[in-house]
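Here the structure is laid out as structure tokens; the discussion comes afterwards.
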Amino acid sequence: MTPEAHLAKLRARLSQGDPLPVTRAAVAGGSPQALGLAVALIDTGAAVTLIEADDWDAARARDALRRSGRGAGIRLVTDMAEAADADLLVEASGGAAAERIGLLKALMAASPGALAVSLGPGVTLGALRESLGAPVALIDTDAPPPAIGLMEIVKGSDRRALGLAWRLGALPVVVPGFKGARLVAALEDEAEALVFQGSTPWEVDAAAEGFGFTLGPCAAQDLRGLDRAFARHRAQGHTLPLIDRMVPEGRLGRNGGVGWYRYPGGGGRVIDPLIEDLAREEAHFAGVTTRPIAEAEIVERLLSALVRTALSLGIEAGVVDLMSVMACGFPEEKGGVLFHHHHP
């Protein structure tokens, strides 16, 4: 079977279902994933209310949407009561579990009976159901915003989440726990290690894109928001210092205008020599001798990190391949990370 046929067969199997009717959606949270989901819902014809914590957050979200050129039709408010009469409620704050449960409670009080969704890792479906006392869905979309190609739905979620995926033109995958986030984390962490040891974000991205990735891991992480990796590092422990220094210094990614790259005026990525200085300084503090890293080594290490994680996920290999393509940007013409590993 060719790589293209391998992925096409999986897509055909996962794309069969009825879209969920969504007339009005309320999305709470200012994460890049929240903004991306709001844009995706607008594109389906739904009316979208984006609820921010305060006027400052609302202004920041408005600026991010303006710079992306995708904010037309999204209403920005700060009052949770504005979720009234919505048929879809989405918590996409990226915050701690208690904060996320609180946001969903407020949303569900404003519009009981609507499909309630929490987006991303950091809380369990069991904790959500116990706290909310009602059906809820726990989902994740790991593609760099605003793309939503594949939606992971934790087993036991409200089944209407399948229809939401089809409504958004995404492929739904029911999983025991989020797997795509682990693939993304493996790629991001290896990229951070490469920069820490002597490469640069633009060298890592150029090597990945030369291999066929749709976007290098550093540029993709800027789109997702570096605060997501920062939260993961704090929750799980992490030995590399770059992200843990960058985020407190305001390097949040494209949404904030600067991350691994700079985004002047909301435009495309621009090399930022200051990030190279930051990486070298942290390496010096850690007693690490940096060195030039060849393109071939960069590619080999990124692929090895992906393969190691892919082999440990314990789910259908074809689904892992789709995740690698749609969440990590692995080259589609190579059939996904495991297909390529077994058919080099």
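The chains in the structure tokens are called A, B, ... from first to last as shown; in each chain the residues are counted from 1, and the ligands are counted from 1 in the order shown.
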
Asp321 in chain A: which residues within 12 Å, counting only C-alpha atoms, same-chain residues fewer than 2 positions away excluded, as an NGL selection string?
:A and (3-4 or 6-11 or 150 or 179-180 or 183 or 306-307 or 309-311 or 313 or 315-319 or 323-342)

List the spatial neighbours of Leu240 in chain A as a list in words - criterion: any atom at most 10 Å away, only C-alpha atoms, same-chain residues fewer than 3 positions off excluded.
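In the requested form, the answer reads Asp189, Glu192, Ala193, Phe196, His233, Gly237, Ile243, Asp244, Arg245, Glu282, Ala283 and Ala286 of chain A.
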
Please produce a file of those selected residues containing N, CA, C and O atoms, as a PDB file, in the first residue's frame.
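result.pdb, freshly written:
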```pdb
ATOM      1  N   ASP A 189      10.256  19.105  22.635  1.00  0.00           N
ATOM      2  CA  ASP A 189      11.348  18.973  23.596  1.00  0.00           C
ATOM      3  C   ASP A 189      12.672  18.663  22.907  1.00  0.00           C
ATOM      4  O   ASP A 189      13.734  19.145  23.335  1.00  0.00           O
ATOM      5  N   GLU A 192      13.894  21.906  21.484  1.00  0.00           N
ATOM      6  CA  GLU A 192      14.476  22.740  22.547  1.00  0.00           C
ATOM      7  C   GLU A 192      15.872  22.246  22.911  1.00  0.00           C
ATOM      8  O   GLU A 192      16.797  23.046  23.111  1.00  0.00           O
ATOM      9  N   ALA A 193      16.052  20.926  22.985  1.00  0.00           N
ATOM     10  CA  ALA A 193      17.363  20.360  23.310  1.00  0.00           C
ATOM     11  C   ALA A 193      18.392  20.722  22.248  1.00  0.00           C
ATOM     12  O   ALA A 193      19.544  21.052  22.560  1.00  0.00           O
ATOM     13  N   PHE A 196      19.350  24.336  22.694  1.00  0.00           N
ATOM     14  CA  PHE A 196      20.141  24.450  23.921  1.00  0.00           C
ATOM     15  C   PHE A 196      21.577  23.977  23.705  1.00  0.00           C
ATOM     16  O   PHE A 196      22.525  24.544  24.247  1.00  0.00           O
ATOM     17  N   HIS A 233       5.789  21.591  31.406  1.00  0.00           N
ATOM     18  CA  HIS A 233       7.066  21.459  32.107  1.00  0.00           C
ATOM     19  C   HIS A 233       6.887  21.568  33.621  1.00  0.00           C
ATOM     20  O   HIS A 233       7.477  20.802  34.390  1.00  0.00           O
ATOM     21  N   GLY A 237       7.726  18.233  35.302  1.00  0.00           N
ATOM     22  CA  GLY A 237       9.168  18.324  35.522  1.00  0.00           C
ATOM     23  C   GLY A 237       9.895  18.296  34.193  1.00  0.00           C
ATOM     24  O   GLY A 237       9.477  17.610  33.259  1.00  0.00           O
ATOM     25  N   ILE A 243      12.433  27.154  27.589  1.00  0.00           N
ATOM     26  CA  ILE A 243      11.023  27.553  27.670  1.00  0.00           C
ATOM     27  C   ILE A 243      10.719  28.152  29.037  1.00  0.00           C
ATOM     28  O   ILE A 243       9.991  29.143  29.146  1.00  0.00           O
ATOM     29  N   ASP A 244      11.305  27.574  30.081  1.00  0.00           N
ATOM     30  CA  ASP A 244      11.026  28.048  31.438  1.00  0.00           C
ATOM     31  C   ASP A 244      11.577  29.442  31.686  1.00  0.00           C
ATOM     32  O   ASP A 244      11.164  30.112  32.639  1.00  0.00           O
ATOM     33  N   ARG A 245      12.488  29.886  30.868  1.00  0.00           N
ATOM     34  CA  ARG A 245      12.945  31.280  30.953  1.00  0.00           C
ATOM     35  C   ARG A 245      12.172  32.160  29.967  1.00  0.00           C
ATOM     36  O   ARG A 245      11.835  33.310  30.297  1.00  0.00           O
ATOM     37  N   GLU A 282      22.082  30.312  28.764  1.00  0.00           N
ATOM     38  CA  GLU A 282      21.584  29.222  29.606  1.00  0.00           C
ATOM     39  C   GLU A 282      22.508  28.006  29.542  1.00  0.00           C
ATOM     40  O   GLU A 282      22.719  27.329  30.553  1.00  0.00           O
ATOM     41  N   ALA A 283      23.057  27.731  28.368  1.00  0.00           N
ATOM     42  CA  ALA A 283      24.004  26.619  28.250  1.00  0.00           C
ATOM     43  C   ALA A 283      25.248  26.892  29.092  1.00  0.00           C
ATOM     44  O   ALA A 283      25.770  25.991  29.765  1.00  0.00           O
ATOM     45  N   ALA A 286      24.619  26.282  32.661  1.00  0.00           N
ATOM     46  CA  ALA A 286      24.485  24.856  32.953  1.00  0.00           C
ATOM     47  C   ALA A 286      25.786  24.085  32.736  1.00  0.00           C
ATOM     48  O   ALA A 286      25.831  22.877  32.958  1.00  0.00           O
TER      49      ALA A 286
END
```

So how far away is CA of Gly156 in chain A from CA of Arg129 in chain A, in Å?
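Separating CA of Arg129 in chain A from CA of Gly156 in chain A is a distance of 10.0 Å.
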
Excluding Leu138 in chain A and residues on its chain fewer than 2 positions from it, collect all residues at most 7 Å away from it, counting only C-alpha atoms, and give them as a ChimeraX atom specification.
/A:117-119,125,136,153-154,157

Counting only C-alpha atoms, the option among A:Ala181, A:Met80, A:Ala12, A:Val48 closest to Ala26 in chain A
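Checking each candidate against Ala26 in chain A, we get A:Val48 as the closest.
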
Among the residues A:Gly314, A:Gly256, A:Pro248, A:Pro241, the one that comes closest to Phe285 in chain A [using only C-alpha atoms]
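The shortest atom-to-atom distance to Phe285 in chain A comes from A:Pro241.
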
Smallest atom-to-atom distance to Ala191 in chain A: which of A:Glu249, A:Asp142, A:Glu300, A:Glu99, using only C-alpha atoms?
A:Glu300

Would you mind listing what lies within 12 Å of Val258 in chain A as a ChimeraX atom specification, with only C-alpha atoms counted and same-chain residues fewer than 6 positions away left out?
/A:218-219,221-223,225-226,246-247,249-252,264-272,274-275

Quick one: residues within 6 Å of Ala207 in chain A, only C-alpha atoms, excluding same-chain residues fewer than 3 positions away - as a ChimeraX atom specification?
/A:204,210,295
